[in-house]
Amino acid sequence: MKLNDPAHVREQYATEANLETRRSVWHPTADGLDPATEALRAIDRALVGDADILEIGCGTGVMAEQIHALPGVTLIATDFSQRFVELTTARGVDARQADICYLPFDDASFDVVYAGWMLYHVRDLERALNEVRRVLRPGGTFVAVTNGNDHLADLRVQAGGRPEVTQFSSETGESVLRRRFGDVRRHDLETRAVFPDHATAQAYLDSCGEGFAGKLPTFEGEREYAGHVTVFEAR
C-alpha cells in the first residue's frame, strides 16, 4: 500500500495508537540532537517580532504546544485527522481540520509554515507545496521534516520488506523545495530506534499497516536500528 494513499492515511491516523507506537522508540542522535527540537529551533530562527505560524499535520499536538509557547507567536495547527485536531485543541492550541492541498487561508497569511513528517503522505505533492507557497508571506520560512530512504531500512529488510522510498525524502526534498524557494538549507540527523525486545519491534512494524505482521524473525534482548531524518528550512 502506498504511503500517500488517502485510505491508508485515514486508517493510520484515525486514532493516535499507531503514531504513539512508532514515536515511543526513537532516541536522539549520538551527540544528543533531537529532530523535533532542531525543527523548533529552525522555526524560532525565522521569527522577527510577532509572527503568525501555521502547522500542517499537527498529530497529537506535541510540537504545536511548543510552538504555541514561543513569545509573540499566533499559531494555527491543522490536521487531516479529526481525532488529532481534538487532541491538539485539548492542549490549548487553535487546531482545525484541513487538507494541505486546499488550505482554507488567504494568500500571504503566515510568516512560518511547519510540516513535520507528513509530506510523504500527501496525495498531490505539487499542489500541496503550491499551497504552502501561497499562504506564506514574502520572506516567510517553510520548515519541513522528513525521513531518508535508509530510515529503519535494516529492520524492514529483516522483516522481508525493502527500504521505504517516498516522494518527499532526505534524498529528494531539497530539489523539490528549490523549485519554489530560492534559499533551501538542510540539517541531517542520524537518529536511533531502540527496541527493548522482539515484541516491541514487531509492534512497530505492525503499526505501519504494510503487511509486516508476524514476519520479523525472533531475536533476544535489545536491538538498535539506524534512522535518518532531515530538517529543511526554505525561504
# chains A, B, ... in the order shown; residues from 1 in each chain; ligands from 1
>>> residues_around(residues="Asp99 in chain A", least_positions_apart="4", cutoff="10 Å", atoms="only C-alpha atoms", output="compact mmCIF listing (two decimals) with all heavy atoms, in the first residue's frame")
# COMPACT_ATOMS: atom_id res chain seq x y z
N ILE A 56 1.07 22.28 9.69
CA ILE A 56 0.26 21.36 8.88
C ILE A 56 0.62 19.93 9.28
O ILE A 56 1.78 19.53 9.25
CB ILE A 56 0.55 21.57 7.38
CG1 ILE A 56 0.33 23.03 6.98
CG2 ILE A 56 -0.34 20.66 6.54
CD1 ILE A 56 0.79 23.35 5.57
N GLY A 57 -0.39 19.16 9.68
CA GLY A 57 -0.14 17.80 10.14
C GLY A 57 0.33 17.82 11.58
O GLY A 57 1.42 17.34 11.90
N THR A 78 -3.19 22.49 12.01
CA THR A 78 -4.17 21.76 11.22
C THR A 78 -3.77 20.30 11.08
O THR A 78 -2.60 19.95 11.18
CB THR A 78 -4.31 22.36 9.80
OG1 THR A 78 -3.08 22.17 9.09
CG2 THR A 78 -4.65 23.84 9.85
N ASP A 79 -4.76 19.48 10.85
CA ASP A 79 -4.52 18.07 10.55
C ASP A 79 -5.69 17.52 9.77
O ASP A 79 -6.82 18.01 9.89
CB ASP A 79 -4.31 17.26 11.83
CG ASP A 79 -3.51 15.98 11.57
OD1 ASP A 79 -4.11 15.00 11.07
OD2 ASP A 79 -2.30 15.96 11.85
N PHE A 80 -5.41 16.49 8.99
CA PHE A 80 -6.45 15.80 8.23
C PHE A 80 -7.33 14.96 9.14
O PHE A 80 -8.51 14.72 8.85
CB PHE A 80 -5.75 14.91 7.18
CG PHE A 80 -6.67 14.35 6.13
CD1 PHE A 80 -7.28 15.19 5.21
CD2 PHE A 80 -6.90 12.99 6.04
CE1 PHE A 80 -8.11 14.67 4.23
CE2 PHE A 80 -7.73 12.46 5.06
CZ PHE A 80 -8.34 13.32 4.15
N SER A 81 -6.78 14.51 10.28
CA SER A 81 -7.48 13.65 11.22
C SER A 81 -8.25 14.47 12.25
O SER A 81 -7.67 15.29 12.96
CB SER A 81 -6.48 12.74 11.94
OG SER A 81 -7.04 12.15 13.09
N LEU A 103 -5.78 24.49 1.48
CA LEU A 103 -5.68 25.21 2.74
C LEU A 103 -6.72 26.34 2.81
O LEU A 103 -6.79 27.17 1.89
CB LEU A 103 -4.29 25.77 2.93
CG LEU A 103 -3.19 24.73 3.18
CD1 LEU A 103 -1.81 25.39 3.16
CD2 LEU A 103 -3.41 24.00 4.49
N PRO A 104 -7.51 26.40 3.88
CA PRO A 104 -8.59 27.40 3.98
C PRO A 104 -8.10 28.74 4.54
O PRO A 104 -8.68 29.29 5.48
CB PRO A 104 -9.56 26.71 4.95
CG PRO A 104 -8.66 25.95 5.87
CD PRO A 104 -7.52 25.45 5.01
N VAL A 122 1.18 13.05 1.41
CA VAL A 122 0.31 13.90 0.61
C VAL A 122 0.01 13.26 -0.75
O VAL A 122 0.91 12.78 -1.43
CB VAL A 122 0.97 15.28 0.42
CG1 VAL A 122 0.15 16.15 -0.53
CG2 VAL A 122 1.14 15.98 1.77
N ALA A 128 0.21 20.55 -2.97
CA ALA A 128 0.41 20.84 -1.55
C ALA A 128 1.47 21.92 -1.36
O ALA A 128 1.27 22.88 -0.59
CB ALA A 128 0.79 19.57 -0.81
>>> closest_atom_pairs(of="range 31-141 of chain A", to="range 1-16 of chain A", cutoff="12 Å", atoms="only C-alpha atoms", output="tab-separated table")
residue	atom	partner	partner_atom	distance
A:Gly57	CA	A:Tyr13	CA	10.6
A:Cys58	CA	A:Tyr13	CA	11.4
A:Gly59	CA	A:Glu16	CA	7.9
A:Thr60	CA	A:Glu16	CA	7.0
A:Gly61	CA	A:Glu16	CA	10.8
A:Val62	CA	A:Glu16	CA	12.0
A:Asp79	CA	A:Tyr13	CA	9.9
A:Phe80	CA	A:Arg10	CA	8.0
A:Ser81	CA	A:Tyr13	CA	6.3
A:Gln82	CA	A:Ala14	CA	7.7
A:Arg83	CA	A:Thr15	CA	6.1
A:Phe84	CA	A:Glu16	CA	7.3
A:Val85	CA	A:Thr15	CA	10.8
A:Glu86	CA	A:Thr15	CA	10.6
A:Leu87	CA	A:Glu16	CA	9.0
A:Thr88	CA	A:Glu16	CA	11.4
A:Asp99	CA	A:Pro6	CA	11.1
A:Trp117	CA	A:Leu3	CA	11.8
A:Met118	CA	A:Asn4	CA	9.4
A:Leu119	CA	A:Asn4	CA	8.7
A:Tyr120	CA	A:Asn4	CA	6.3
A:His121	CA	A:Asn4	CA	4.0
A:Val122	CA	A:Asn4	CA	5.3
A:Arg123	CA	A:Asn4	CA	5.2
A:Asp124	CA	A:Asn4	CA	8.6
A:Leu125	CA	A:Asn4	CA	9.5
>>> select_by_dssp(residues="range 86-138 of chain A", states="strand (DSSP E or B)", output="list of chain:residue names")
A:Asp94, A:Ala95, A:Arg96, A:Gln97, A:Phe110, A:Asp111, A:Val112, A:Val113, A:Tyr114, A:Ala115, A:Gly116, A:Leu136, A:Arg137, A:Pro138
>>> write_last_selection(atoms="all heavy atoms", output="short mmCIF file (atom, residue, chain, number, x, y, z; two decimals), in the first residue's frame")
data_model
loop_
_atom_site.label_atom_id
_atom_site.label_comp_id
_atom_site.auth_asym_id
_atom_site.auth_seq_id
_atom_site.Cartn_x
_atom_site.Cartn_y
_atom_site.Cartn_z
N ASP A 94 -5.16 26.51 18.97
CA ASP A 94 -6.18 26.68 17.93
C ASP A 94 -5.92 25.64 16.84
O ASP A 94 -5.00 25.81 16.03
CB ASP A 94 -6.11 28.10 17.37
CG ASP A 94 -7.13 28.37 16.26
OD1 ASP A 94 -7.88 27.44 15.90
OD2 ASP A 94 -7.16 29.51 15.76
N ALA A 95 -6.70 24.58 16.82
CA ALA A 95 -6.48 23.49 15.87
C ALA A 95 -7.73 23.30 15.01
O ALA A 95 -8.86 23.36 15.50
CB ALA A 95 -6.16 22.19 16.61
N ARG A 96 -7.51 23.05 13.73
CA ARG A 96 -8.61 22.93 12.77
C ARG A 96 -8.34 21.78 11.81
O ARG A 96 -7.20 21.51 11.46
CB ARG A 96 -8.76 24.23 11.98
CG ARG A 96 -8.78 25.48 12.85
CD ARG A 96 -8.80 26.75 12.02
NE ARG A 96 -8.58 27.93 12.84
CZ ARG A 96 -8.57 29.18 12.37
NH1 ARG A 96 -8.78 29.39 11.07
NH2 ARG A 96 -8.35 30.19 13.19
N GLN A 97 -9.41 21.16 11.35
CA GLN A 97 -9.26 20.10 10.35
C GLN A 97 -9.08 20.75 8.98
O GLN A 97 -9.86 21.64 8.60
CB GLN A 97 -10.48 19.19 10.36
CG GLN A 97 -10.30 17.95 9.49
CD GLN A 97 -11.45 16.97 9.64
OE1 GLN A 97 -12.56 17.35 9.99
NE2 GLN A 97 -11.20 15.69 9.40
N PHE A 110 0.80 33.80 6.60
CA PHE A 110 1.69 33.29 7.64
C PHE A 110 3.15 33.65 7.39
O PHE A 110 3.61 33.68 6.25
CB PHE A 110 1.55 31.77 7.76
CG PHE A 110 0.16 31.33 8.11
CD1 PHE A 110 -0.72 30.91 7.11
CD2 PHE A 110 -0.28 31.34 9.42
CE1 PHE A 110 -2.01 30.52 7.42
CE2 PHE A 110 -1.57 30.96 9.74
CZ PHE A 110 -2.44 30.54 8.75
N ASP A 111 3.85 33.88 8.50
CA ASP A 111 5.28 34.14 8.44
C ASP A 111 6.09 32.85 8.39
O ASP A 111 7.18 32.81 7.81
CB ASP A 111 5.72 34.95 9.67
CG ASP A 111 5.00 36.27 9.76
OD1 ASP A 111 5.29 37.15 8.92
OD2 ASP A 111 4.13 36.43 10.63
N VAL A 112 5.55 31.80 8.99
CA VAL A 112 6.21 30.48 9.02
C VAL A 112 5.16 29.41 8.81
O VAL A 112 4.07 29.47 9.38
CB VAL A 112 6.94 30.23 10.36
CG1 VAL A 112 7.59 28.85 10.37
CG2 VAL A 112 7.99 31.31 10.63
N VAL A 113 5.49 28.42 8.01
CA VAL A 113 4.69 27.20 7.87
C VAL A 113 5.58 26.03 8.25
O VAL A 113 6.72 25.94 7.80
CB VAL A 113 4.14 27.02 6.44
CG1 VAL A 113 3.41 25.69 6.32
CG2 VAL A 113 3.21 28.18 6.06
N TYR A 114 5.03 25.14 9.09
CA TYR A 114 5.79 23.97 9.52
C TYR A 114 5.02 22.70 9.15
O TYR A 114 3.82 22.59 9.40
CB TYR A 114 6.01 24.00 11.04
CG TYR A 114 6.56 22.70 11.60
CD1 TYR A 114 7.83 22.27 11.24
CD2 TYR A 114 5.80 21.91 12.45
CE1 TYR A 114 8.34 21.07 11.73
CE2 TYR A 114 6.30 20.72 12.95
CZ TYR A 114 7.56 20.30 12.59
OH TYR A 114 8.07 19.11 13.07
N ALA A 115 5.74 21.74 8.57
CA ALA A 115 5.15 20.43 8.24
C ALA A 115 6.15 19.35 8.65
O ALA A 115 7.20 19.20 8.02
CB ALA A 115 4.86 20.33 6.74
N GLY A 116 5.86 18.64 9.72
CA GLY A 116 6.76 17.63 10.24
C GLY A 116 6.31 16.22 9.91
O GLY A 116 5.22 15.80 10.28
N LEU A 136 2.27 31.54 2.51
CA LEU A 136 3.43 32.19 3.13
C LEU A 136 3.54 33.64 2.68
O LEU A 136 3.33 33.96 1.50
CB LEU A 136 4.71 31.46 2.74
CG LEU A 136 5.23 30.39 3.68
CD1 LEU A 136 6.46 29.72 3.06
CD2 LEU A 136 5.58 30.93 5.06
N ARG A 137 3.91 34.51 3.60
CA ARG A 137 4.17 35.89 3.26
C ARG A 137 5.53 36.01 2.55
O ARG A 137 6.39 35.15 2.72
CB ARG A 137 4.17 36.74 4.53
CG ARG A 137 2.77 36.89 5.12
CD ARG A 137 2.75 37.59 6.44
NE ARG A 137 1.37 37.70 6.90
CZ ARG A 137 0.99 37.61 8.17
NH1 ARG A 137 1.90 37.43 9.13
NH2 ARG A 137 -0.30 37.70 8.50
N PRO A 138 5.73 37.06 1.79
CA PRO A 138 7.05 37.28 1.18
C PRO A 138 8.14 37.29 2.25
O PRO A 138 7.99 37.94 3.29
CB PRO A 138 6.90 38.66 0.52
CG PRO A 138 5.43 38.78 0.23
CD PRO A 138 4.75 38.09 1.37
#
>>> select_by_dssp(residues="range 73-135 of chain A", states="alpha helix (DSSP H)", output="list in words")
Gln82, Arg83, Phe84, Val85, Glu86, Leu87, Thr88, Thr89, Leu125, Glu126, Arg127, Ala128, Leu129, Asn130, Glu131, Val132, Arg133, Arg134 and Val135 of chain A
>>> write_last_selection(atoms="N, CA, C and O atoms", output="PDB file, in the first residue's frame")
ATOM      1  N   GLN A  82      -9.546  14.230  12.356  1.00  0.00           N
ATOM      2  CA  GLN A  82     -10.357  14.923  13.348  1.00  0.00           C
ATOM      3  C   GLN A  82      -9.914  14.573  14.764  1.00  0.00           C
ATOM      4  O   GLN A  82      -9.921  15.422  15.655  1.00  0.00           O
ATOM      5  N   ARG A  83      -9.501  13.340  14.986  1.00  0.00           N
ATOM      6  CA  ARG A  83      -9.027  12.936  16.308  1.00  0.00           C
ATOM      7  C   ARG A  83      -7.801  13.747  16.716  1.00  0.00           C
ATOM      8  O   ARG A  83      -7.689  14.191  17.867  1.00  0.00           O
ATOM      9  N   PHE A  84      -6.878  13.969  15.780  1.00  0.00           N
ATOM     10  CA  PHE A  84      -5.683  14.738  16.098  1.00  0.00           C
ATOM     11  C   PHE A  84      -6.017  16.203  16.362  1.00  0.00           C
ATOM     12  O   PHE A  84      -5.382  16.857  17.199  1.00  0.00           O
ATOM     13  N   VAL A  85      -7.014  16.720  15.665  1.00  0.00           N
ATOM     14  CA  VAL A  85      -7.464  18.089  15.933  1.00  0.00           C
ATOM     15  C   VAL A  85      -8.003  18.189  17.354  1.00  0.00           C
ATOM     16  O   VAL A  85      -7.716  19.147  18.086  1.00  0.00           O
ATOM     17  N   GLU A  86      -8.767  17.188  17.775  1.00  0.00           N
ATOM     18  CA  GLU A  86      -9.304  17.186  19.132  1.00  0.00           C
ATOM     19  C   GLU A  86      -8.188  17.135  20.171  1.00  0.00           C
ATOM     20  O   GLU A  86      -8.226  17.859  21.180  1.00  0.00           O
ATOM     21  N   LEU A  87      -7.191  16.282  19.956  1.00  0.00           N
ATOM     22  CA  LEU A  87      -6.093  16.149  20.912  1.00  0.00           C
ATOM     23  C   LEU A  87      -5.267  17.430  20.990  1.00  0.00           C
ATOM     24  O   LEU A  87      -4.811  17.822  22.072  1.00  0.00           O
ATOM     25  N   THR A  88      -5.065  18.080  19.849  1.00  0.00           N
ATOM     26  CA  THR A  88      -4.288  19.319  19.834  1.00  0.00           C
ATOM     27  C   THR A  88      -5.069  20.456  20.483  1.00  0.00           C
ATOM     28  O   THR A  88      -4.502  21.264  21.233  1.00  0.00           O
ATOM     29  N   THR A  89      -6.353  20.526  20.229  1.00  0.00           N
ATOM     30  CA  THR A  89      -7.201  21.535  20.869  1.00  0.00           C
ATOM     31  C   THR A  89      -7.160  21.394  22.385  1.00  0.00           C
ATOM     32  O   THR A  89      -7.129  22.397  23.115  1.00  0.00           O
ATOM     33  N   LEU A 125       1.677  16.127  -4.127  1.00  0.00           N
ATOM     34  CA  LEU A 125       2.746  16.906  -3.513  1.00  0.00           C
ATOM     35  C   LEU A 125       2.909  18.267  -4.174  1.00  0.00           C
ATOM     36  O   LEU A 125       3.135  19.272  -3.490  1.00  0.00           O
ATOM     37  N   GLU A 126       2.794  18.325  -5.486  1.00  0.00           N
ATOM     38  CA  GLU A 126       2.969  19.594  -6.188  1.00  0.00           C
ATOM     39  C   GLU A 126       1.915  20.609  -5.751  1.00  0.00           C
ATOM     40  O   GLU A 126       2.229  21.769  -5.464  1.00  0.00           O
ATOM     41  N   ARG A 127       0.678  20.175  -5.689  1.00  0.00           N
ATOM     42  CA  ARG A 127      -0.392  21.080  -5.267  1.00  0.00           C
ATOM     43  C   ARG A 127      -0.191  21.504  -3.811  1.00  0.00           C
ATOM     44  O   ARG A 127      -0.395  22.666  -3.457  1.00  0.00           O
ATOM     45  N   ALA A 128       0.207  20.552  -2.968  1.00  0.00           N
ATOM     46  CA  ALA A 128       0.410  20.841  -1.550  1.00  0.00           C
ATOM     47  C   ALA A 128       1.467  21.924  -1.356  1.00  0.00           C
ATOM     48  O   ALA A 128       1.274  22.880  -0.592  1.00  0.00           O
ATOM     49  N   LEU A 129       2.594  21.798  -2.053  1.00  0.00           N
ATOM     50  CA  LEU A 129       3.667  22.772  -1.897  1.00  0.00           C
ATOM     51  C   LEU A 129       3.297  24.117  -2.520  1.00  0.00           C
ATOM     52  O   LEU A 129       3.735  25.168  -2.036  1.00  0.00           O
ATOM     53  N   ASN A 130       2.490  24.099  -3.554  1.00  0.00           N
ATOM     54  CA  ASN A 130       1.982  25.358  -4.104  1.00  0.00           C
ATOM     55  C   ASN A 130       1.109  26.080  -3.083  1.00  0.00           C
ATOM     56  O   ASN A 130       1.138  27.313  -2.968  1.00  0.00           O
ATOM     57  N   GLU A 131       0.336  25.303  -2.330  1.00  0.00           N
ATOM     58  CA  GLU A 131      -0.496  25.884  -1.277  1.00  0.00           C
ATOM     59  C   GLU A 131       0.360  26.464  -0.152  1.00  0.00           C
ATOM     60  O   GLU A 131       0.071  27.548   0.371  1.00  0.00           O
ATOM     61  N   VAL A 132       1.406  25.753   0.218  1.00  0.00           N
ATOM     62  CA  VAL A 132       2.332  26.280   1.236  1.00  0.00           C
ATOM     63  C   VAL A 132       2.921  27.601   0.767  1.00  0.00           C
ATOM     64  O   VAL A 132       2.945  28.599   1.510  1.00  0.00           O
ATOM     65  N   ARG A 133       3.396  27.647  -0.456  1.00  0.00           N
ATOM     66  CA  ARG A 133       3.979  28.860  -1.016  1.00  0.00           C
ATOM     67  C   ARG A 133       2.944  29.988  -1.035  1.00  0.00           C
ATOM     68  O   ARG A 133       3.272  31.160  -0.756  1.00  0.00           O
ATOM     69  N   ARG A 134       1.703  29.657  -1.372  1.00  0.00           N
ATOM     70  CA  ARG A 134       0.640  30.672  -1.468  1.00  0.00           C
ATOM     71  C   ARG A 134       0.348  31.340  -0.127  1.00  0.00           C
ATOM     72  O   ARG A 134       0.182  32.568  -0.062  1.00  0.00           O
ATOM     73  N   VAL A 135       0.270  30.555   0.950  1.00  0.00           N
ATOM     74  CA  VAL A 135      -0.133  31.125   2.242  1.00  0.00           C
ATOM     75  C   VAL A 135       1.034  31.769   2.987  1.00  0.00           C
ATOM     76  O   VAL A 135       0.831  32.465   3.986  1.00  0.00           O
TER      77      VAL A 135
END
>>> closest_residue(among="A:Val229, A:Ala144, A:Ala77, A:Ala159", to="Glu210 in chain A", atoms="only C-alpha atoms")
A:Ala159
>>> closest_residue(among="A:Gly148, A:Thr218, A:Ala90, A:Leu177", to="Pro163 in chain A", atoms="only C-alpha atoms")
A:Gly148
>>> closest_residue(among="A:Glu164, A:Glu20, A:Glu233, A:Glu171", to="Tyr204 in chain A", atoms="only C-alpha atoms")
A:Glu20
>>> atom_distance(atom1="CA of Val93 in chain A", atom2="CA of His68 in chain A")
6.9 Å
>>> closest_residue(among="A:Asp197, A:Gly221, A:Gly227, A:Glu190", to="Gly32 in chain A", atoms="only C-alpha atoms")
A:Glu190
>>> residues_around(residues="range 22-26 of chain A", least_positions_apart="6", cutoff="10 Å", atoms="only C-alpha atoms", output="VMD selection string")
chain A and resid 34 191 to 196 200 to 201 203 to 208 224 to 227
>>> write_last_selection(atoms="C-alpha atoms", output="CSV table (one decimal), in the first residue's frame")
chain,number,residue,atom,x,y,z
A,34,ASP,CA,16.6,15.6,18.5
A,191,THR,CA,18.7,9.1,14.9
A,192,ARG,CA,18.3,5.8,16.6
A,193,ALA,CA,15.3,3.5,17.1
A,194,VAL,CA,15.8,1.3,20.3
A,195,PHE,CA,13.6,-1.7,20.7
A,196,PRO,CA,13.9,-3.4,24.1
A,200,THR,CA,8.3,-4.1,20.5
A,201,ALA,CA,10.0,-4.2,17.1
A,203,ALA,CA,4.6,-3.9,17.1
A,204,TYR,CA,6.3,-1.0,15.4
A,205,LEU,CA,6.2,-2.8,12.0
A,206,ASP,CA,2.6,-3.8,12.6
A,207,SER,CA,1.7,-0.2,13.2
A,208,CYS,CA,2.8,0.7,9.7
A,224,GLU,CA,19.0,-0.7,17.9
A,225,TYR,CA,18.4,0.4,14.3
A,226,ALA,CA,19.6,3.5,12.4
A,227,GLY,CA,17.2,6.2,11.4
